[in-house]
>>> print(open('my_file_13.pdb').read())   # PDB, C-alpha atoms and all ligand atoms
ATOM      1  CA  MET A   1       1.782  20.995   6.360
ATOM      2  CA  SER A   2      -1.057  20.270   8.755
ATOM      3  CA  LEU A   3      -1.603  16.859  10.281
ATOM      4  CA  VAL A   4      -4.954  15.228   9.681
ATOM      5  CA  LEU A   5      -4.193  12.031  11.576
ATOM      6  CA  GLU A   6      -1.784  11.590  14.482
ATOM      7  CA  VAL A   7      -1.290   8.223  16.107
ATOM      8  CA  ASN A   8       0.880   7.946  19.195
ATOM      9  CA  GLY A   9       1.939   4.807  21.040
ATOM     10  CA  LEU A  10      -1.182   2.943  19.930
ATOM     11  CA  SER A  11      -1.576  -0.652  21.161
ATOM     12  CA  LYS A  12      -4.211  -3.342  21.151
ATOM     13  CA  LYS A  13      -3.874  -6.327  23.398
ATOM     14  CA  ILE A  14      -6.301  -9.230  23.412
ATOM     15  CA  GLY A  15      -5.595 -11.822  26.087
ATOM     16  CA  GLU A  16      -1.849 -12.236  26.038
ATOM     17  CA  SER A  17      -1.463 -11.228  22.365
ATOM     18  CA  MET A  18      -0.254  -7.776  21.384
ATOM     19  CA  LEU A  19      -2.051  -7.390  18.051
ATOM     20  CA  VAL A  20      -0.726  -3.840  17.717
ATOM     21  CA  ASN A  21       2.301  -2.780  19.713
ATOM     22  CA  LYS A  22       2.919   0.925  20.462
ATOM     23  CA  ILE A  23       2.734   2.248  16.919
ATOM     24  CA  SER A  24       3.095   5.943  16.043
ATOM     25  CA  PHE A  25       2.645   7.679  12.710
ATOM     26  CA  SER A  26       0.889  10.637  11.138
ATOM     27  CA  VAL A  27      -0.842  11.555   7.884
ATOM     28  CA  GLN A  28      -0.670  15.045   6.415
ATOM     29  CA  LYS A  29      -3.316  16.993   4.544
ATOM     30  CA  GLY A  30      -3.706  15.734   0.981
ATOM     31  CA  GLU A  31      -1.281  12.879   1.561
ATOM     32  CA  ILE A  32      -1.839   9.276   0.489
ATOM     33  CA  PHE A  33      -0.301   7.108   3.183
ATOM     34  CA  GLY A  34       0.043   3.356   2.668
ATOM     35  CA  LEU A  35      -0.225   0.989   5.619
ATOM     36  CA  LEU A  36       1.764  -1.970   4.417
ATOM     37  CA  GLY A  37       2.227  -5.339   6.064
ATOM     38  CA  PRO A  38       1.897  -9.055   5.364
ATOM     39  CA  ASN A  39      -1.267 -10.969   6.296
ATOM     40  CA  GLY A  40      -1.869 -10.874  10.017
ATOM     41  CA  ALA A  41       0.459  -7.894  10.574
ATOM     42  CA  GLY A  42      -2.154  -5.847  12.422
ATOM     43  CA  LYS A  43      -3.435  -3.537   9.673
ATOM     44  CA  THR A  44      -7.134  -4.254  10.130
ATOM     45  CA  THR A  45      -6.828  -4.081  13.914
ATOM     46  CA  THR A  46      -5.161  -0.660  13.558
ATOM     47  CA  ILE A  47      -7.777   0.584  11.121
ATOM     48  CA  ARG A  48     -10.632  -0.629  13.317
ATOM     49  CA  MET A  49      -9.229   1.504  16.131
ATOM     50  CA  LEU A  50      -8.815   4.505  13.811
ATOM     51  CA  VAL A  51     -12.439   4.412  12.698
ATOM     52  CA  GLY A  52     -13.850   3.825  16.169
ATOM     53  CA  LEU A  53     -14.837   0.163  15.670
ATOM     54  CA  ALA A  54     -12.397  -1.105  18.323
ATOM     55  CA  ARG A  55     -10.973   0.383  21.495
ATOM     56  CA  SER A  56      -7.253   0.760  21.944
ATOM     57  CA  THR A  57      -5.468  -0.694  24.972
ATOM     58  CA  GLU A  58      -3.141   2.304  25.134
ATOM     59  CA  GLY A  59      -2.035   5.282  23.078
ATOM     60  CA  THR A  60      -3.843   8.145  21.380
ATOM     61  CA  ILE A  61      -5.472   8.849  18.028
ATOM     62  CA  SER A  62      -6.145  12.401  16.966
ATOM     63  CA  ILE A  63      -8.135  13.230  13.829
ATOM     64  CA  CYS A  64      -8.106  16.870  12.680
ATOM     65  CA  GLY A  65      -7.060  17.806  16.202
ATOM     66  CA  HIS A  66      -9.846  15.845  17.964
ATOM     67  CA  ASP A  67      -8.883  13.028  20.283
ATOM     68  CA  ILE A  68     -10.891   9.960  19.357
ATOM     69  CA  GLN A  69     -11.537   8.957  22.967
ATOM     70  CA  ARG A  70     -12.327  12.343  24.459
ATOM     71  CA  ASP A  71     -14.091  13.814  21.426
ATOM     72  CA  HIS A  72     -15.309  10.776  19.539
ATOM     73  CA  ARG A  73     -18.037  12.569  17.560
ATOM     74  CA  ASN A  74     -15.924  15.416  16.214
ATOM     75  CA  ALA A  75     -13.008  13.115  15.470
ATOM     76  CA  LEU A  76     -15.091  10.649  13.481
ATOM     77  CA  LYS A  77     -17.021  13.391  11.679
ATOM     78  CA  ASN A  78     -13.843  13.906   9.685
ATOM     79  CA  VAL A  79     -13.474  10.266   8.632
ATOM     80  CA  GLY A  80     -14.896   8.409   5.657
ATOM     81  CA  THR A  81     -14.235   4.699   5.483
ATOM     82  CA  ILE A  82     -14.708   1.411   3.737
ATOM     83  CA  VAL A  83     -13.578  -1.316   6.107
ATOM     84  CA  GLU A  84     -13.740  -4.740   4.486
ATOM     85  CA  ASN A  85     -16.629  -4.702   1.970
ATOM     86  CA  PRO A  86     -18.845  -1.664   1.569
ATOM     87  CA  GLU A  87     -22.264  -2.249   3.110
ATOM     88  CA  LEU A  88     -24.757  -1.942   0.284
ATOM     89  CA  TYR A  89     -28.365  -2.978  -0.217
ATOM     90  CA  PRO A  90     -28.345  -5.163  -3.361
ATOM     91  CA  TYR A  91     -32.079  -4.710  -4.090
ATOM     92  CA  LEU A  92     -31.853  -0.928  -4.082
ATOM     93  CA  SER A  93     -30.367   1.115  -6.895
ATOM     94  CA  GLY A  94     -27.028   2.852  -6.476
ATOM     95  CA  LEU A  95     -28.838   6.158  -6.054
ATOM     96  CA  GLU A  96     -31.233   4.746  -3.445
ATOM     97  CA  ASN A  97     -28.266   3.339  -1.576
ATOM     98  CA  LEU A  98     -26.613   6.749  -1.512
ATOM     99  CA  ARG A  99     -29.841   8.440  -0.399
ATOM    100  CA  GLN A 100     -30.318   5.887   2.353
ATOM    101  CA  PHE A 101     -26.768   6.410   3.549
ATOM    102  CA  ALA A 102     -27.194  10.198   3.341
ATOM    103  CA  ARG A 103     -30.291   9.985   5.578
ATOM    104  CA  LEU A 104     -28.304   8.031   8.154
ATOM    105  CA  SER A 105     -25.230  10.212   8.140
ATOM    106  CA  GLY A 106     -26.773  13.645   8.494
ATOM    107  CA  PRO A 107     -28.016  16.467   6.351
ATOM    108  CA  ILE A 108     -26.733  15.754   2.859
ATOM    109  CA  ASN A 109     -28.644  17.286  -0.033
ATOM    110  CA  GLU A 110     -29.413  15.970  -3.525
ATOM    111  CA  ALA A 111     -26.837  18.275  -5.101
ATOM    112  CA  ARG A 112     -24.085  16.671  -3.015
ATOM    113  CA  ILE A 113     -25.356  13.214  -3.951
ATOM    114  CA  ALA A 114     -25.225  14.146  -7.657
ATOM    115  CA  GLU A 115     -21.708  15.511  -7.184
ATOM    116  CA  ILE A 116     -20.621  12.223  -5.605
ATOM    117  CA  VAL A 117     -22.188  10.130  -8.379
ATOM    118  CA  LYS A 118     -20.161  12.118 -10.871
ATOM    119  CA  LEU A 119     -17.007  11.928  -8.786
ATOM    120  CA  VAL A 120     -17.084   8.138  -8.618
ATOM    121  CA  GLY A 121     -18.032   7.866 -12.304
ATOM    122  CA  LEU A 122     -21.370   6.108 -11.889
ATOM    123  CA  GLU A 123     -23.662   8.611 -13.670
ATOM    124  CA  GLU A 124     -24.813   6.122 -16.297
ATOM    125  CA  ARG A 125     -25.522   3.206 -13.998
ATOM    126  CA  ILE A 126     -26.654   4.891 -10.789
ATOM    127  CA  GLY A 127     -30.346   4.016 -11.431
ATOM    128  CA  GLU A 128     -29.615   0.270 -11.646
ATOM    129  CA  LYS A 129     -29.982  -2.178  -8.801
ATOM    130  CA  VAL A 130     -26.707  -2.776  -6.991
ATOM    131  CA  LYS A 131     -27.048  -6.558  -7.363
ATOM    132  CA  ARG A 132     -26.271  -6.008 -11.059
ATOM    133  CA  TYR A 133     -23.118  -3.999 -10.299
ATOM    134  CA  SER A 134     -19.657  -5.396 -10.882
ATOM    135  CA  LEU A 135     -17.305  -5.564  -7.902
ATOM    136  CA  GLY A 136     -15.506  -2.461  -9.176
ATOM    137  CA  MET A 137     -18.778  -0.508  -9.395
ATOM    138  CA  ARG A 138     -19.729  -1.602  -5.878
ATOM    139  CA  GLN A 139     -16.394  -0.470  -4.616
ATOM    140  CA  ARG A 140     -16.849   2.923  -6.278
ATOM    141  CA  LEU A 141     -20.338   3.241  -4.813
ATOM    142  CA  GLY A 142     -18.892   2.343  -1.396
ATOM    143  CA  LEU A 143     -16.305   5.049  -1.879
ATOM    144  CA  GLY A 144     -19.119   7.444  -2.804
ATOM    145  CA  GLN A 145     -20.891   6.633   0.475
ATOM    146  CA  ALA A 146     -17.698   7.188   2.419
ATOM    147  CA  LEU A 147     -17.249  10.596   0.766
ATOM    148  CA  LEU A 148     -20.794  11.941   1.018
ATOM    149  CA  HIS A 149     -20.071  14.051   4.100
ATOM    150  CA  ASN A 150     -16.848  15.367   2.562
ATOM    151  CA  PRO A 151     -14.440  13.919   5.137
ATOM    152  CA  ALA A 152     -10.901  15.241   5.536
ATOM    153  CA  LEU A 153      -9.575  11.699   5.941
ATOM    154  CA  LEU A 154     -10.491   8.613   3.979
ATOM    155  CA  ILE A 155      -9.515   5.269   5.511
ATOM    156  CA  LEU A 156      -9.558   2.195   3.286
ATOM    157  CA  ASP A 157      -8.704  -1.373   4.284
ATOM    158  CA  GLU A 158      -7.420  -3.338   1.283
ATOM    159  CA  PRO A 159      -9.941  -1.658  -1.049
ATOM    160  CA  THR A 160      -8.718  -3.241  -4.262
ATOM    161  CA  ASN A 161      -8.987  -6.828  -3.011
ATOM    162  CA  GLY A 162     -10.702  -8.816  -5.734
ATOM    163  CA  LEU A 163     -10.786  -6.027  -8.324
ATOM    164  CA  ASP A 164      -9.558  -6.724 -11.832
ATOM    165  CA  PRO A 165      -6.671  -4.654 -13.249
ATOM    166  CA  SER A 166      -8.925  -2.093 -14.928
ATOM    167  CA  GLY A 167     -11.008  -1.759 -11.738
ATOM    168  CA  ILE A 168      -7.822  -1.230  -9.765
ATOM    169  CA  ARG A 169      -6.628   1.398 -12.219
ATOM    170  CA  GLU A 170      -9.910   3.343 -12.073
ATOM    171  CA  PHE A 171      -9.995   3.174  -8.293
ATOM    172  CA  ARG A 172      -6.397   4.364  -8.075
ATOM    173  CA  GLN A 173      -7.136   7.323 -10.346
ATOM    174  CA  LEU A 174     -10.093   8.277  -8.189
ATOM    175  CA  LEU A 175      -7.935   8.276  -5.077
ATOM    176  CA  LEU A 176      -5.249  10.370  -6.764
ATOM    177  CA  ASN A 177      -7.885  12.937  -7.807
ATOM    178  CA  LEU A 178      -9.266  13.075  -4.283
ATOM    179  CA  ALA A 179      -5.828  13.619  -2.778
ATOM    180  CA  LYS A 180      -5.176  16.408  -5.288
ATOM    181  CA  GLN A 181      -8.295  18.105  -3.983
ATOM    182  CA  GLY A 182      -6.911  17.925  -0.447
ATOM    183  CA  THR A 183      -8.410  14.710   0.983
ATOM    184  CA  SER A 184      -5.950  12.686   3.048
ATOM    185  CA  ILE A 185      -6.057   8.951   2.440
ATOM    186  CA  LEU A 186      -4.866   6.051   4.577
ATOM    187  CA  ILE A 187      -4.926   2.857   2.550
ATOM    188  CA  SER A 188      -3.797  -0.582   3.677
ATOM    189  CA  SER A 189      -2.479  -3.442   1.620
ATOM    190  CA  HIS A 190      -0.317  -6.520   1.960
ATOM    191  CA  LEU A 191       1.084  -5.848  -1.512
ATOM    192  CA  LEU A 192       3.559  -3.092  -2.103
ATOM    193  CA  ALA A 193       2.777  -3.202  -5.824
ATOM    194  CA  GLU A 194      -0.798  -2.079  -5.068
ATOM    195  CA  LEU A 195       0.381   0.982  -3.199
ATOM    196  CA  GLU A 196       3.500   1.821  -5.128
ATOM    197  CA  GLN A 197       1.785   3.882  -7.803
ATOM    198  CA  ILE A 198      -0.242   6.124  -5.522
ATOM    199  CA  VAL A 199       1.253   6.581  -2.093
ATOM    200  CA  ASP A 200       3.417   9.461  -0.923
ATOM    201  CA  ARG A 201       4.729   7.473   2.048
ATOM    202  CA  VAL A 202       4.327   4.007   3.482
ATOM    203  CA  GLY A 203       4.357   2.746   7.019
ATOM    204  CA  VAL A 204       5.477  -0.860   7.298
ATOM    205  CA  ILE A 205       3.910  -2.944  10.065
ATOM    206  CA  HIS A 206       4.859  -6.501  10.955
ATOM    207  CA  ARG A 207       3.592  -8.662  13.829
ATOM    208  CA  GLY A 208       1.957  -5.599  15.363
ATOM    209  CA  LYS A 209       5.181  -3.578  15.385
ATOM    210  CA  TRP A 210       5.990  -0.502  13.355
ATOM    211  CA  ILE A 211       9.026  -1.245  11.211
ATOM    212  CA  THR A 212       9.514   2.024   9.362
ATOM    213  CA  THR A 213       7.868   5.082   7.838
ATOM    214  CA  ALA A 214       9.397   6.041   4.508
ATOM    215  CA  THR A 215       8.832   7.572   1.105
ATOM    216  CA  LEU A 216       9.181   5.116  -1.749
ATOM    217  CA  ALA A 217      12.474   6.771  -2.679
ATOM    218  CA  GLU A 218      13.757   6.160   0.853
ATOM    219  CA  LEU A 219      12.640   2.530   0.713
ATOM    220  CA  SER A 220      14.296   2.143  -2.630
ATOM    221  CA  SER A 221      17.568   3.514  -1.266
ATOM    222  CA  GLN A 222      17.597   0.606   1.175
ATOM    223  CA  SER A 223      17.994  -1.788  -1.727
ATOM    224  CA  LYS A 224      20.211  -4.536  -0.500
ATOM    225  CA  PHE A 225      21.704  -5.980  -3.607
ATOM    226  CA  ASN A 226      23.110  -4.781  -6.790
ATOM    227  CA  ARG A 227      24.087  -7.111  -9.577
ATOM    228  CA  LEU A 228      25.509  -6.889 -13.026
ATOM    229  CA  ILE A 229      24.457  -9.287 -15.744
ATOM    230  CA  LEU A 230      26.866  -9.747 -18.610
ATOM    231  CA  HIS A 231      25.318 -11.085 -21.796
ATOM    232  CA  VAL A 232      28.174 -12.790 -23.645
ATOM    233  CA  ASP A 233      28.743 -15.200 -26.536
ATOM    234  CA  SER A 234      30.467 -17.821 -24.379
ATOM    235  CA  VAL A 235      29.818 -17.998 -20.646
ATOM    236  CA  ASP A 236      32.428 -20.760 -20.237
ATOM    237  CA  LYS A 237      35.124 -18.614 -21.811
ATOM    238  CA  ALA A 238      34.066 -15.546 -19.793
ATOM    239  CA  LEU A 239      33.997 -17.544 -16.551
ATOM    240  CA  LEU A 240      37.435 -19.020 -17.098
ATOM    241  CA  CYS A 241      38.868 -15.609 -17.967
ATOM    242  CA  LEU A 242      37.349 -13.750 -14.992
ATOM    243  CA  LYS A 243      38.126 -16.476 -12.449
ATOM    244  CA  THR A 244      41.776 -16.282 -13.424
ATOM    245  CA  ALA A 245      42.103 -12.506 -13.830
ATOM    246  CA  HIS A 246      39.733 -11.406 -11.012
ATOM    247  CA  PRO A 247      39.422 -14.200  -8.450
ATOM    248  CA  GLU A 248      37.811 -11.741  -5.997
ATOM    249  CA  LEU A 249      34.600 -11.495  -8.060
ATOM    250  CA  GLU A 250      31.458 -13.293  -6.978
ATOM    251  CA  LEU A 251      30.272 -14.925 -10.188
ATOM    252  CA  ARG A 252      27.200 -16.978 -11.003
ATOM    253  CA  HIS A 253      26.074 -18.627 -14.136
ATOM    254  CA  GLU A 254      22.330 -19.237 -14.359
ATOM    255  CA  ASN A 255      20.968 -18.623 -17.817
ATOM    256  CA  LEU A 256      22.354 -19.415 -21.198
ATOM    257  CA  GLY A 257      24.643 -16.606 -22.315
ATOM    258  CA  GLN A 258      24.422 -14.735 -19.012
ATOM    259  CA  LEU A 259      27.060 -14.317 -16.365
ATOM    260  CA  ILE A 260      25.975 -12.723 -13.097
ATOM    261  CA  LEU A 261      28.287 -10.607 -10.965
ATOM    262  CA  GLU A 262      27.036  -9.972  -7.431
ATOM    263  CA  GLU A 263      27.981  -6.572  -5.977
ATOM    264  CA  PRO A 264      30.196  -5.568  -8.899
ATOM    265  CA  PRO A 265      32.992  -3.035  -8.351
ATOM    266  CA  LYS A 266      32.299   0.631  -9.171
ATOM    267  CA  VAL A 267      34.734   0.721 -12.077
ATOM    268  CA  LEU A 268      34.169  -2.017 -14.629
ATOM    269  CA  ASN A 269      37.051  -1.294 -17.020
ATOM    270  CA  PRO A 270      39.435  -4.012 -15.702
ATOM    271  CA  ILE A 271      36.707  -6.639 -16.004
ATOM    272  CA  LEU A 272      35.715  -5.565 -19.495
ATOM    273  CA  ASP A 273      39.373  -5.298 -20.563
ATOM    274  CA  SER A 274      40.027  -8.870 -19.436
ATOM    275  CA  LEU A 275      36.984 -10.136 -21.332
ATOM    276  CA  LEU A 276      37.957  -8.269 -24.504
ATOM    277  CA  GLN A 277      41.500  -9.617 -24.298
ATOM    278  CA  ALA A 278      40.075 -13.130 -23.997
ATOM    279  CA  ASN A 279      38.028 -12.488 -27.127
ATOM    280  CA  VAL A 280      34.695 -12.706 -25.359
ATOM    281  CA  GLN A 281      31.933 -10.898 -27.233
ATOM    282  CA  ILE A 282      29.859  -8.705 -24.885
ATOM    283  CA  PHE A 283      26.342  -8.088 -26.166
ATOM    284  CA  LYS A 284      24.801  -6.276 -23.236
ATOM    285  CA  LEU A 285      25.465  -5.105 -19.678
ATOM    286  CA  GLU A 286      22.452  -5.110 -17.388
ATOM    287  CA  VAL A 287      22.329  -3.644 -13.891
ATOM    288  CA  GLN A 288      19.795  -5.057 -11.440
ATOM    289  CA  LYS A 289      18.935  -3.572  -8.065
ATOM    290  CA  SER A 290      16.693  -5.209  -5.498
ATOM    291  CA  SER A 291      13.101  -4.157  -6.068
ATOM    292  CA  LEU A 292      10.971  -2.331  -3.526
ATOM    293  CA  GLU A 293       9.158  -5.611  -3.022
ATOM    294  CA  ASP A 294      12.493  -7.253  -2.091
ATOM    295  CA  VAL A 295      13.147  -4.477   0.424
ATOM    296  CA  PHE A 296       9.687  -4.976   1.925
ATOM    297  CA  LEU A 297      10.102  -8.748   2.086
ATOM    298  CA  THR A 298      13.474  -8.377   3.777
ATOM    299  CA  MET A 299      11.935  -6.062   6.390
ATOM    300  CA  THR A 300       9.108  -8.447   7.125
ATOM    301  CA  GLY A 301      11.127 -11.638   7.172
ATOM    302  CA  GLY A 302      10.751 -13.042   3.662
ATOM    303  CA  PRO A 303       7.796 -14.246   1.613
ATOM    304  CA  GLU A 304       4.587 -14.998   3.476
ATOM    305  CA  HIS A 305       3.682 -18.479   4.476
ATOM    306  CA  ALA A 306      -0.025 -19.068   4.129
TER     307      ALA A 306
HETATM  308  N1  LIG A 401     -10.327 -10.704  18.096
HETATM  309  C1  LIG A 401      -9.118 -11.231  18.001
HETATM  310  N2  LIG A 401      -8.618 -12.010  18.994
HETATM  311  C2  LIG A 401      -7.378 -12.537  18.903
HETATM  312  N3  LIG A 401      -6.560 -12.372  17.862
HETATM  313  C3  LIG A 401      -7.000 -11.611  16.845
HETATM  314  C4  LIG A 401      -8.292 -11.002  16.855
HETATM  315  N4  LIG A 401      -8.436 -10.304  15.697
HETATM  316  C5  LIG A 401      -7.290 -10.471  15.006
HETATM  317  N5  LIG A 401      -6.430 -11.268  15.679
HETATM  318  C6  LIG A 401      -5.052 -11.637  15.271
HETATM  319  O1  LIG A 401      -4.301 -10.442  15.263
HETATM  320  C7  LIG A 401      -3.341 -10.438  14.204
HETATM  321  C8  LIG A 401      -3.517  -9.215  13.360
HETATM  322  O2  LIG A 401      -4.710  -9.329  12.607
HETATM  323  P1  LIG A 401      -5.205  -8.228  11.561
HETATM  324  O3  LIG A 401      -6.504  -8.693  11.007
HETATM  325  O4  LIG A 401      -5.159  -6.901  12.188
HETATM  326  O5  LIG A 401      -4.066  -8.333  10.472
HETATM  327  P2  LIG A 401      -3.985  -7.726   9.001
HETATM  328  O6  LIG A 401      -2.655  -7.071   8.893
HETATM  329  O7  LIG A 401      -5.178  -6.885   8.719
HETATM  330  O8  LIG A 401      -3.984  -8.996   8.096
HETATM  331  P3  LIG A 401      -4.755  -9.341   6.726
HETATM  332  O9  LIG A 401      -3.956  -8.716   5.629
HETATM  333  O10 LIG A 401      -4.664 -10.832   6.713
HETATM  334  O11 LIG A 401      -6.145  -8.833   6.850
HETATM  335  C9  LIG A 401      -3.544 -11.745  13.453
HETATM  336  O12 LIG A 401      -2.590 -12.656  13.920
HETATM  337  C10 LIG A 401      -4.945 -12.164  13.851
HETATM  338  O13 LIG A 401      -5.067 -13.560  13.822
END
>>> encode(input="my_file_13.pdb", output="structure tokens")
Amino acid sequence: MSLVLEVNGLSKKIGESMLVNKISFSVQKGEIFGLLGPNGAGKTTTIRMLVGLARSTEGTISICGHDIQRDHRNALKNVGTIVENPELYPYLSGLENLRQFARLSGPINEARIAEIVKLVGLEERIGEKVKRYSLGMRQRLGLGQALLHNPALLILDEPTNGLDPSGIREFRQLLLNLAKQGTSILISSHLLAELEQIVDRVGVIHRGKWITTATLAELSSQSKFNRLILHVDSVDKALLCLKTAHPELELRHENLGQLILEEPPKVLNPILDSLLQANVQIFKLEVQKSSLEDVFLTMTGGPEHA
């Protein structure tokens, strides 16, 4: 598969701070790649370098084979972006905004504009002034602007910030459709849950350093804990029985009727046999693995502190 974006040893230093520290990753054609990291991790700084808004201190960025420093114009010709909020004129209609943007970004004809309006699902409202648009509609119009010149790579910095759940869902669907048609997408977020449903791979960044590049399945396989929850009629009876018969077990008792076994053994028969012999009624066995979010939090040093 061909590489649309290749980043090698990229750093950004301001004063004595390394905002981004020798990161390397790549994005393939038609891939949705999530750039994931807690607040202040260095996502925006990275993206600003990728779209030519900031200079790197060291390292290289290549977009569709063009080095961003040596061949700035050809590299950036292949990029569409919304960094922070899309820049829109509120007193112009959606269509006038697109036309204005088209004039600025090169020869783009009316047919392409109409195609974009359809693609971002704004046909019915495109004649209205943008100041009357909801945040979700503005975001879709911004996406339309970014796509007018049919870029191979779309770069989005936290694009669903502030959108309601239905706005997020629509936006997600749009991105999935674009990727299916071959557009590569780099999308940043500080929330794994926002990326989970669309990305092929994620790159985790923390304090400017690259932690890992992984598919969601690979991340999931790094789950740290595994627990078994036994739903029983009497936790006291079950606890007494298991502590005597299996003192090696790590048991916890949190909720009414539930006994928690951390890292249970592979074969459960001896445990269940002991409980049955002690006349404990077992209603349900529940297995819990650490979630992807837990894996991410572990990698980045626990929940964020504002
Ligand atoms: N111009 C600057 N000078 C010095 N430090 C900066 C500058 N811009 C950003 N920083 C710092 O660099 C770090 C990375 O910031 P960046 O905005 O790239 O993070 P982020 O991952 O995008 O976070 P968020 O999710 O909060 O937007 C932060 O600690 C930030 O305070």
>>> axis_aligned_box(input="my_file_13.pdb", around="ligand LIG 401 (chain A)", padding_each_side="8 Å", output="JSON")
{"center_x": -6.5, "center_y": -10.2, "center_z": 12.3, "size_x": 23.7, "size_y": 22.7, "size_z": 29.4}
>>> residues_near_point(input="my_file_13.pdb", point="(-25.6, -1.1, 0.2)", cutoff="10 Å", atoms="all atoms listed in the file", output="list in words")
Asn85, Pro86, Glu87, Leu88, Tyr89, Pro90, Tyr91, Leu92, Ser93, Gly94, Glu96, Asn97, Leu98, Gln100, Phe101, Val130, Lys131, Arg138, Leu141, Gly142 and Gln145 of chain A
>>> write_last_selection(input="my_file_13.pdb", atoms="C-alpha atoms", output="PDB file, keeping the file's coordinate frame")
ATOM      1  CA  ASN A  85     -16.629  -4.702   1.970  1.00  0.00           C
ATOM      2  CA  PRO A  86     -18.845  -1.664   1.569  1.00  0.00           C
ATOM      3  CA  GLU A  87     -22.264  -2.249   3.110  1.00  0.00           C
ATOM      4  CA  LEU A  88     -24.757  -1.942   0.284  1.00  0.00           C
ATOM      5  CA  TYR A  89     -28.365  -2.978  -0.217  1.00  0.00           C
ATOM      6  CA  PRO A  90     -28.345  -5.163  -3.361  1.00  0.00           C
ATOM      7  CA  TYR A  91     -32.079  -4.710  -4.090  1.00  0.00           C
ATOM      8  CA  LEU A  92     -31.853  -0.928  -4.082  1.00  0.00           C
ATOM      9  CA  SER A  93     -30.367   1.115  -6.895  1.00  0.00           C
ATOM     10  CA  GLY A  94     -27.028   2.852  -6.476  1.00  0.00           C
ATOM     11  CA  GLU A  96     -31.233   4.746  -3.445  1.00  0.00           C
ATOM     12  CA  ASN A  97     -28.266   3.339  -1.576  1.00  0.00           C
ATOM     13  CA  LEU A  98     -26.613   6.749  -1.512  1.00  0.00           C
ATOM     14  CA  GLN A 100     -30.318   5.887   2.353  1.00  0.00           C
ATOM     15  CA  PHE A 101     -26.768   6.410   3.549  1.00  0.00           C
ATOM     16  CA  VAL A 130     -26.707  -2.776  -6.991  1.00  0.00           C
ATOM     17  CA  LYS A 131     -27.048  -6.558  -7.363  1.00  0.00           C
ATOM     18  CA  ARG A 138     -19.729  -1.602  -5.878  1.00  0.00           C
ATOM     19  CA  LEU A 141     -20.338   3.241  -4.813  1.00  0.00           C
ATOM     20  CA  GLY A 142     -18.892   2.343  -1.396  1.00  0.00           C
ATOM     21  CA  GLN A 145     -20.891   6.633   0.475  1.00  0.00           C
TER      22      GLN A 145
END
>>> residues_around(input="my_file_13.pdb", residues="region 54-66 of chain A", least_positions_apart="6", cutoff="9 Å", atoms="all atoms listed in the file", output="list in words")
Ser2, Leu3, Val4, Leu5, Glu6, Val7, Asn8, Gly9, Leu10, Ser11, Lys12, Lys13, Ile14, Lys22, Ile23, Ser24, Thr45, Thr46, Ile47, Arg48, His72, Arg73, Asn74, Ala75, Leu76, Asn78, Val79, Ala152 and Leu153 of chain A
>>> residues_near_ligand(input="my_file_13.pdb", ligand="ligand LIG 401 (chain A)", cutoff="9 Å", atoms="all atoms listed in the file", output="PyMOL selection string")
chain A and resi 13-15+17-20+36-48+84+157-158+188-190+205-208
>>> resolve_selection(input="my_file_13.pdb", expression="the PyMOL selection byres (((chain A and resi 197) around 12) and not hetatm)", output="ChimeraX atom specification")
/A:32-34,168-169,171-173,175-176,191-196,198-202,215-216,292
>>> closest_residue(input="my_file_13.pdb", among="A:Ile155, A:Ile108, A:Leu163, A:Val280", to="Gln139 (chain A)", atoms="only C-alpha atoms")
A:Leu163
>>> atom_distance(input="my_file_13.pdb", atom1="CA of Gly80 (chain A)", atom2="CA of Leu148 (chain A)")
8.3 Å
>>> closest_residue(input="my_file_13.pdb", among="A:Leu174, A:Val204, A:Val120, A:Leu275", to="Thr244 (chain A)", atoms="only C-alpha atoms")
A:Leu275
>>> closest_residue(input="my_file_13.pdb", among="A:Ala278, A:Leu154, A:Ile229, A:Leu135", to="Ala245 (chain A)", atoms="all atoms listed in the file")
A:Ala278
>>> resolve_selection(input="my_file_13.pdb", expression="the PyMOL selection byres (((chain A and resi 289) around 12) and not hetatm)", output="MDAnalysis selection string")
chainID A and resid 220:229 262:264 286:288 290:295
>>> resolve_selection(input="my_file_13.pdb", expression="the PyMOL selection byres (((chain A and resi 235) around 10) and not hetatm)", output="PyMOL selection string")
chain A and resi 230-234+236-241+253-260+280-281
>>> atom_distance(input="my_file_13.pdb", atom1="CA of Glu170 (chain A)", atom2="CA of Gly144 (chain A)")
13.7 Å
>>> closest_residue(input="my_file_13.pdb", among="A:Leu186, A:Val27, A:Val117, A:Leu261", to="Leu143 (chain A)", atoms="all atoms listed in the file")
A:Val117
>>> atom_distance(input="my_file_13.pdb", atom1="CA of Leu119 (chain A)", atom2="CA of Gly162 (chain A)")
21.9 Å
>>> residues_around(input="my_file_13.pdb", residues="Gly30 (chain A)", least_positions_apart="5", cutoff="6 Å", atoms="only C-alpha atoms", output="list of chain:residue names")
A:Ala179, A:Gly182, A:Thr183, A:Ser184
>>> closest_residue(input="my_file_13.pdb", among="A:Ala111, A:Asp71, A:Met137, A:Phe296", to="Ile211 (chain A)", atoms="only C-alpha atoms")
A:Phe296
>>> decode(input="my_file_13.pdb", residues="region 54-65 of chain A", atoms="C-alpha atoms", output="short mmCIF file (atom, residue, chain, number, x, y, z; two decimals), in the first residue's frame")
data_model
loop_
_atom_site.label_atom_id
_atom_site.label_comp_id
_atom_site.auth_asym_id
_atom_site.auth_seq_id
_atom_site.Cartn_x
_atom_site.Cartn_y
_atom_site.Cartn_z
CA ALA A 54 4.93 25.86 11.81
CA ARG A 55 8.52 24.95 11.02
CA SER A 56 10.08 21.85 12.45
CA THR A 57 13.34 21.99 14.41
CA GLU A 58 14.48 18.70 12.90
CA GLY A 59 13.16 15.75 10.95
CA THR A 60 11.30 15.36 7.67
CA ILE A 61 7.71 15.33 6.46
CA SER A 62 6.86 13.88 3.09
CA ILE A 63 3.37 14.16 1.59
CA CYS A 64 2.66 12.06 -1.52
CA GLY A 65 6.41 11.83 -2.03
#
